[in-house]
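final30.tsv (TSV, C-alpha atoms)
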```
chain	number	residue	atom	x	y	z
A	1	MET	CA	30.73	35.40	81.48
A	2	LYS	CA	33.21	34.54	84.21
A	3	SER	CA	33.76	30.94	83.14
A	4	GLY	CA	36.75	30.45	85.44
A	5	ALA	CA	35.09	31.75	88.58
A	6	LYS	CA	34.86	29.28	91.45
A	7	ASN	CA	31.12	29.67	91.99
A	8	ASN	CA	30.07	29.90	88.33
A	9	ARG	CA	26.73	28.11	88.01
A	10	THR	CA	25.97	28.96	84.38
A	11	ILE	CA	24.01	26.17	82.69
A	12	ARG	CA	25.99	24.62	79.84
A	13	LEU	CA	25.67	21.65	77.51
A	14	THR	CA	28.19	18.90	76.93
A	15	GLU	CA	28.34	17.36	73.45
A	16	GLU	CA	26.48	14.34	74.79
A	17	GLU	CA	23.77	16.54	76.30
A	18	ALA	CA	23.45	18.57	73.10
A	19	ALA	CA	22.61	15.39	71.19
A	20	LYS	CA	20.23	14.22	73.93
A	21	TYR	CA	18.27	17.45	74.08
A	22	ASP	CA	18.26	17.99	70.33
A	23	ALA	CA	16.25	14.77	70.12
A	24	LYS	CA	13.66	16.28	72.48
A	25	LEU	CA	13.04	19.35	70.31
A	26	ALA	CA	9.94	19.45	68.13
A	27	ARG	CA	9.47	20.49	64.52
A	28	ILE	CA	6.22	20.55	62.56
A	29	ASP	CA	5.34	20.85	58.88
A	30	ALA	CA	1.57	20.38	59.15
A	31	PRO	CA	-1.19	21.87	61.34
A	32	ALA	CA	-0.72	20.83	64.98
A	33	THR	CA	-3.28	20.02	67.66
A	34	VAL	CA	-3.22	21.33	71.21
A	35	GLU	CA	-1.82	17.98	72.33
A	36	ASP	CA	0.91	18.26	69.70
A	37	ALA	CA	1.89	21.64	71.17
A	38	ARG	CA	1.53	20.94	74.89
A	39	GLY	CA	4.87	20.85	76.70
A	40	ARG	CA	6.88	21.21	73.51
A	41	VAL	CA	9.81	23.38	72.49
A	42	PHE	CA	9.67	23.92	68.73
A	43	ASN	CA	13.06	24.55	67.15
A	44	MET	CA	11.73	26.55	64.21
A	45	ASP	CA	11.47	29.97	62.66
A	46	VAL	CA	8.56	31.75	64.30
A	47	PHE	CA	7.12	32.67	60.88
A	48	ASP	CA	6.98	28.97	59.95
A	49	ALA	CA	5.59	27.81	63.30
A	50	LEU	CA	2.80	30.30	64.01
A	51	PRO	CA	0.56	29.39	61.02
A	52	LEU	CA	0.72	25.70	62.03
A	53	LEU	CA	-0.13	26.04	65.72
A	54	PRO	CA	-3.75	25.62	66.93
A	55	GLU	CA	-6.21	28.48	66.91
A	56	GLU	CA	-7.18	30.02	70.27
A	57	PHE	CA	-5.20	27.62	72.47
A	58	VAL	CA	-3.16	30.18	74.45
A	59	ASP	CA	-4.26	31.67	77.80
A	60	LEU	CA	-1.13	33.77	78.38
A	61	CYS	CA	1.55	34.85	75.93
A	62	PHE	CA	4.92	36.33	76.84
A	63	VAL	CA	7.03	37.82	74.06
A	64	ASP	CA	10.63	38.99	74.30
A	65	PRO	CA	11.43	39.82	70.66
A	66	PRO	CA	14.70	41.25	69.39
A	67	TYR	CA	14.79	44.94	70.22
A	68	ASN	CA	15.44	47.46	67.47
A	69	MET	CA	19.22	47.30	67.67
A	70	ASN	CA	22.10	45.37	66.15
A	71	LYS	CA	22.29	42.13	68.13
A	72	THR	CA	23.79	38.72	67.46
A	73	PHE	CA	22.16	35.55	68.78
A	74	ASN	CA	24.64	32.76	68.05
A	75	ALA	CA	24.26	32.06	64.32
A	76	SER	CA	21.49	34.61	63.71
A	77	ALA	CA	21.51	38.38	63.96
A	78	PHE	CA	19.01	41.23	64.10
A	79	ARG	CA	19.80	44.55	62.44
A	80	LYS	CA	18.49	47.94	63.49
A	81	ARG	CA	15.96	49.55	61.17
A	82	ALA	CA	13.80	52.70	61.05
A	83	ASP	CA	11.08	52.88	63.72
A	84	ASP	CA	8.26	52.42	61.20
A	85	ALA	CA	10.02	49.43	59.71
A	86	TYR	CA	10.48	47.91	63.17
A	87	ALA	CA	6.77	48.41	63.94
A	88	GLY	CA	5.99	46.74	60.61
A	89	TRP	CA	8.24	43.81	61.49
A	90	MET	CA	6.40	43.40	64.80
A	91	GLU	CA	3.04	43.45	63.01
A	92	SER	CA	4.26	40.69	60.68
A	93	TRP	CA	4.38	38.20	63.57
A	94	LEU	CA	1.71	39.77	65.78
A	95	ALA	CA	-0.95	39.09	63.13
A	96	PRO	CA	-0.46	35.30	63.02
A	97	LEU	CA	0.20	35.25	66.78
A	98	ALA	CA	-3.15	36.92	67.58
A	99	ARG	CA	-4.94	33.94	66.01
A	100	LEU	CA	-3.51	31.62	68.69
A	101	LEU	CA	-4.81	33.59	71.68
A	102	LYS	CA	-8.11	32.87	73.42
A	103	LYS	CA	-10.70	35.64	73.60
A	104	ASN	CA	-9.86	36.22	77.31
A	105	ALA	CA	-6.08	35.83	76.93
A	106	SER	CA	-3.40	38.27	78.04
A	107	ILE	CA	-0.14	39.09	76.29
A	108	TYR	CA	3.01	40.74	77.64
A	109	VAL	CA	5.57	42.14	75.18
A	110	CYS	CA	9.05	43.37	76.10
A	111	SER	CA	10.79	46.42	74.65
A	112	ASP	CA	13.55	48.88	75.44
A	113	TRP	CA	13.01	52.64	75.54
A	114	LYS	CA	14.10	53.16	71.93
A	115	SER	CA	11.64	50.62	70.52
A	116	SER	CA	8.84	51.18	73.03
A	117	ALA	CA	6.89	53.69	70.93
A	118	ALA	CA	7.03	51.44	67.88
A	119	ALA	CA	5.92	48.48	70.00
A	120	GLN	CA	2.95	50.45	71.30
A	121	ARG	CA	1.86	51.38	67.77
A	122	ALA	CA	2.05	47.77	66.64
A	123	LEU	CA	0.33	46.29	69.68
A	124	GLU	CA	-2.64	48.65	69.69
A	125	LYS	CA	-3.61	47.38	66.22
A	126	PHE	CA	-4.30	43.91	67.63
A	127	PHE	CA	-4.90	44.18	71.38
A	128	ILE	CA	-6.16	46.38	74.20
A	129	ILE	CA	-3.17	47.92	75.95
A	130	ARG	CA	-3.73	47.81	79.72
A	131	ASN	CA	-0.46	49.11	81.10
A	132	ARG	CA	3.24	49.66	80.51
A	133	ILE	CA	5.41	48.03	83.16
A	134	THR	CA	8.87	49.48	83.65
A	135	TRP	CA	11.44	47.30	85.33
A	136	GLU	CA	14.84	48.28	86.64
A	137	ARG	CA	17.63	46.42	84.90
A	138	GLU	CA	20.41	47.09	87.37
A	139	LYS	CA	23.14	45.75	85.10
A	140	GLY	CA	24.60	47.91	82.36
A	141	ARG	CA	27.46	50.19	81.48
A	142	GLY	CA	27.69	53.73	82.74
A	143	ALA	CA	27.61	56.72	80.39
A	144	LYS	CA	29.85	59.78	80.54
A	145	ASN	CA	27.62	62.08	78.52
A	146	ASN	CA	24.17	60.66	79.23
A	147	TRP	CA	22.10	59.00	81.94
A	148	LYS	CA	22.89	55.34	82.43
A	149	ASN	CA	20.28	53.19	80.69
A	150	CYS	CA	19.03	50.68	83.27
A	151	HIS	CA	15.35	50.07	82.55
A	152	GLU	CA	13.18	48.20	80.08
A	153	ASP	CA	9.45	48.08	79.41
A	154	ILE	CA	6.85	45.30	79.29
A	155	TRP	CA	3.55	46.09	77.56
A	156	PHE	CA	0.58	44.40	79.24
A	157	CYS	CA	-2.27	43.82	76.80
A	158	THR	CA	-5.43	41.73	76.56
A	159	VAL	CA	-7.38	40.34	73.62
A	160	GLY	CA	-10.73	41.55	74.97
A	161	GLU	CA	-12.43	43.30	77.84
A	162	GLU	CA	-12.68	40.13	79.93
A	163	TYR	CA	-9.43	38.68	81.23
A	164	TYR	CA	-7.92	37.01	84.29
A	165	PHE	CA	-5.83	38.95	86.81
A	166	ASP	CA	-5.02	37.79	90.36
A	167	VAL	CA	-3.51	40.70	92.27
A	168	ASN	CA	-3.28	38.72	95.50
A	169	ALA	CA	-0.88	36.25	93.89
A	170	VAL	CA	1.73	38.91	93.19
A	171	LYS	CA	1.88	41.06	96.29
A	172	VAL	CA	5.36	42.27	97.21
A	173	LYS	CA	7.01	41.92	100.60
A	174	ARG	CA	8.63	45.26	101.43
A	175	ARG	CA	10.58	46.41	104.46
A	176	THR	CA	8.59	48.72	106.76
A	177	LEU	CA	10.52	51.90	107.49
A	178	ALA	CA	7.85	53.72	109.47
A	179	PRO	CA	5.67	51.08	111.18
A	180	TYR	CA	2.35	52.34	112.50
A	181	THR	CA	0.52	50.70	115.38
A	182	GLU	CA	-3.10	50.62	116.43
A	183	ASN	CA	-3.78	50.02	120.11
A	184	GLY	CA	-0.19	48.85	120.39
A	185	ALA	CA	-0.53	46.23	117.65
A	186	PRO	CA	1.11	46.33	114.18
A	187	LYS	CA	-1.06	47.99	111.55
A	188	ASP	CA	-0.72	46.37	108.10
A	189	TRP	CA	2.73	44.96	108.85
A	190	SER	CA	4.36	42.03	110.59
A	191	GLU	CA	7.70	41.26	112.16
A	192	ASP	CA	10.02	38.26	111.90
A	193	ALA	CA	13.69	37.53	112.54
A	194	ALA	CA	14.67	39.48	109.41
A	195	GLY	CA	12.81	42.64	110.39
A	196	ARG	CA	9.49	44.41	109.87
A	197	PHE	CA	7.64	43.93	106.58
A	198	ARG	CA	4.31	44.58	104.91
A	199	LEU	CA	2.67	43.09	101.84
A	200	THR	CA	1.90	45.73	99.22
A	201	HIS	CA	-0.03	45.74	95.98
A	202	PRO	CA	2.23	45.49	92.93
A	203	SER	CA	2.68	48.54	90.73
A	204	ASN	CA	3.86	48.97	87.15
A	205	LEU	CA	7.33	49.91	88.43
A	206	TRP	CA	9.38	46.81	89.24
A	207	ASN	CA	12.66	47.29	91.08
A	208	ASP	CA	13.00	43.88	92.72
A	209	LEU	CA	14.38	41.88	89.77
A	210	THR	CA	17.91	40.61	89.33
A	211	VAL	CA	19.18	40.03	85.79
A	212	PRO	CA	20.65	36.49	85.72
A	213	PHE	CA	24.42	36.42	86.12
A	214	TRP	CA	27.13	33.76	86.40
A	215	SER	CA	26.61	32.74	90.05
A	216	MET	CA	22.84	32.25	89.71
A	217	PRO	CA	21.61	28.70	89.00
A	218	GLU	CA	19.23	29.90	86.26
A	219	ASN	CA	21.94	31.70	84.25
A	220	THR	CA	22.70	30.69	80.66
A	221	CYS	CA	24.78	32.13	77.82
A	222	HIS	CA	21.72	33.81	76.25
A	223	PRO	CA	22.55	37.53	75.83
A	224	THR	CA	19.09	38.86	76.75
A	225	GLN	CA	17.86	36.29	79.28
A	226	LYS	CA	15.04	37.46	81.52
A	227	PRO	CA	14.82	36.38	85.20
A	228	GLU	CA	12.52	33.56	86.24
A	229	LYS	CA	11.16	35.87	88.94
A	230	MET	CA	9.85	38.25	86.26
A	231	LEU	CA	7.99	35.45	84.52
A	232	ALA	CA	6.66	34.18	87.85
A	233	LYS	CA	5.02	37.57	88.44
A	234	ILE	CA	3.38	37.57	85.02
A	235	ILE	CA	2.32	33.92	85.10
A	236	LEU	CA	0.79	34.11	88.59
A	237	ALA	CA	-1.02	37.38	87.87
A	238	SER	CA	-2.40	36.49	84.45
A	239	SER	CA	-3.02	32.73	84.34
A	240	ARG	CA	-4.76	30.07	86.35
A	241	PRO	CA	-3.10	26.76	87.30
A	242	GLY	CA	-3.10	24.47	84.28
A	243	ALA	CA	-3.37	27.37	81.79
A	244	MET	CA	-1.41	27.32	78.53
A	245	VAL	CA	1.53	29.75	78.49
A	246	PHE	CA	3.14	30.42	75.10
A	247	ASP	CA	6.40	32.14	74.13
A	248	PRO	CA	7.18	32.58	70.40
A	249	PHE	CA	10.76	33.81	71.04
A	250	LEU	CA	11.62	31.32	73.77
A	251	GLY	CA	15.39	31.86	73.93
A	252	SER	CA	16.93	29.66	76.61
A	253	GLY	CA	13.52	28.73	78.00
A	254	THR	CA	12.76	31.00	80.96
A	255	THR	CA	9.04	31.29	80.19
A	256	ALA	CA	8.56	27.55	79.81
A	257	VAL	CA	10.63	26.78	82.92
A	258	ALA	CA	8.72	29.27	85.09
A	259	ALA	CA	5.41	27.95	83.76
A	260	LYS	CA	6.39	24.39	84.57
A	261	LYS	CA	7.55	25.30	88.07
A	262	LEU	CA	4.24	27.07	88.72
A	263	GLY	CA	1.96	24.29	87.46
A	264	ARG	CA	1.05	25.68	84.05
A	265	ASP	CA	1.19	24.09	80.61
A	266	PHE	CA	3.67	25.61	78.18
A	267	CYS	CA	4.69	25.77	74.57
A	268	GLY	CA	7.52	27.72	72.97
A	269	VAL	CA	9.23	28.43	69.66
A	270	GLU	CA	12.96	29.13	69.32
A	271	LEU	CA	14.92	29.50	66.10
A	272	ASP	CA	18.40	28.83	67.51
A	273	ALA	CA	19.05	25.14	68.19
A	274	GLY	CA	21.65	25.86	70.88
A	275	PHE	CA	19.27	27.99	72.94
A	276	ALA	CA	16.41	25.53	72.36
A	277	ARG	CA	18.57	22.71	73.72
A	278	LEU	CA	19.34	24.81	76.80
A	279	ALA	CA	15.60	25.30	77.28
A	280	ALA	CA	15.08	21.54	77.12
A	281	LYS	CA	17.81	20.97	79.71
A	282	ARG	CA	16.39	23.60	82.04
A	283	LEU	CA	12.96	21.95	81.77
A	284	ASP	CA	14.54	18.66	82.82
A	285	MET	CA	16.25	20.41	85.74
A	286	ALA	CA	12.89	21.84	86.84
A	287	GLU	CA	11.65	18.30	87.45
A	288	SER	CA	13.78	18.09	90.58
A	289	ASP	CA	14.05	21.76	91.55
A	290	SER	CA	11.02	24.04	91.34
A	291	ARG	CA	12.55	26.96	93.26
A	292	ILE	CA	12.46	30.49	91.81
A	293	GLN	CA	15.03	32.88	93.21
A	294	GLY	CA	13.40	35.79	95.05
A	295	PHE	CA	10.02	34.02	95.34
A	296	ASP	CA	9.39	31.91	98.45
A	297	ASP	CA	6.23	30.70	100.16
A	298	GLY	CA	4.07	32.68	97.76
A	299	ILE	CA	5.85	35.97	98.47
A	300	PHE	CA	7.99	38.09	96.14
A	301	LYS	CA	10.96	39.42	98.07
A	302	GLU	CA	13.19	42.43	97.56
A	303	ARG	CA	16.03	42.25	95.03
A	304	ASN	CA	18.91	39.86	95.77
A	305	SER	CA	17.16	38.38	98.78
```

Transcribe the structure of this file into structure tokens.
Amino acid sequence: MKSGAKNNRTIRLTEEEAAKYDAKLARIDAPATVEDARGRVFNMDVFDALPLLPEEFVDLCFVDPPYNMNKTFNASAFRKRADDAYAGWMESWLAPLARLLKKNASIYVCSDWKSSAAAQRALEKFFIIRNRITWEREKGRGAKNNWKNCHEDIWFCTVGEEYYFDVNAVKVKRRTLAPYTENGAPKDWSEDAAGRFRLTHPSNLWNDLTVPFWSMPENTCHPTQKPEKMLAKIILASSRPGAMVFDPFLGSGTTAVAAKKLGRDFCGVELDAGFARLAAKRLDMAESDSRIQGFDDGIFKERNS
């Protein structure tokens, strides 16, 4: 993190803010109602929180769990284990999580290529797998003796056969390289001051995302933060306005923030108090700024635009 850079916009907490936002975090020790959960960030262990949250209150769930690698998250750490053991660990929280989802709910679960097979095995025990989205993670170190690893997966699943999906809400604006005309008029494309573009249906290959970095206003110190634009795609495609969006590994709050900016309800669980406080601050910031980088006027733009 380039803390000394002139244009560093990383979101941080002062000691005063840490105390302020800690007071806004929720903790429960008895069964909660939907109203208890609505708009709350629970600073708890996911295994303690899930059994206490309401049954079938979630319309859309996004999960970015620790991948099967050695990784430190402030005071906590995840240690790599055998693939079968990792799949078993996923099942241990997927079982209580499934209880929270409505019969027509969707769930998206992140993984890297090493843990993707284990994730698939775990997910298919509880849900119907609809697709595997692969997104280009352009950051990352090069490799001298292997291909550079610059992609991750997102498993798209549903609870049942009936589910919500709005393809028109997530069309992508792409530059037209070979514009066709019909009777002299543009065919399936339009032109503005920036050039010629067409709206295309989204695929399961996403190459228009930018991993948050120090000069972006959504950036935090979280080591595996996902971009708000990614969550905007998922939320718009798989939930109606006012729907409940839930994230059991909330991190620094991207899911909740994107949901709030897009007019959805939200609820999240995060073990680490520091990250949970950052989520609370970002939710406050979203009150006055609902912009999502790369998404303007209902259109998803190309990377870094």

Check your understanding: Any idea what the distance is between CA of Trp93 in chain A and CA of Gly39 in chain A?
Key ->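 Calculated distance between CA of Trp93 in chain A and CA of Gly39 in chain A is 21.8 Å.
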
Rank nothing, just name the residue among A:Ala32, A:Ala87, A:Val159, A:Leu100 nearest to Pro66 in chain A, using all atoms listed in the file.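 Nearest candidate to Pro66 in chain A out of A:Ala32, A:Ala87, A:Val159, A:Leu100: A:Ala87.
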
| message | So that I can see what lies close to range 42-49 of chain A, please list as a ChimeraX atom specification the residues with an atom at most 7 Å from it, counting only C-alpha atoms and leaving out residues fewer than 5 positions away in the same chain. | response | /A:25-27,93,248,268-273,276

As number ranges by chain, please: the residues near Thr14 in chain A (cut-off 12 Å, all atoms listed in the file, same-chain neighbours under 4 positions excluded). A: 18-22, 274, 277-278, 281

One decimal place gives the CA of Gly160 in chain A-CA of Asn104 in chain A separation as 5.9 Å
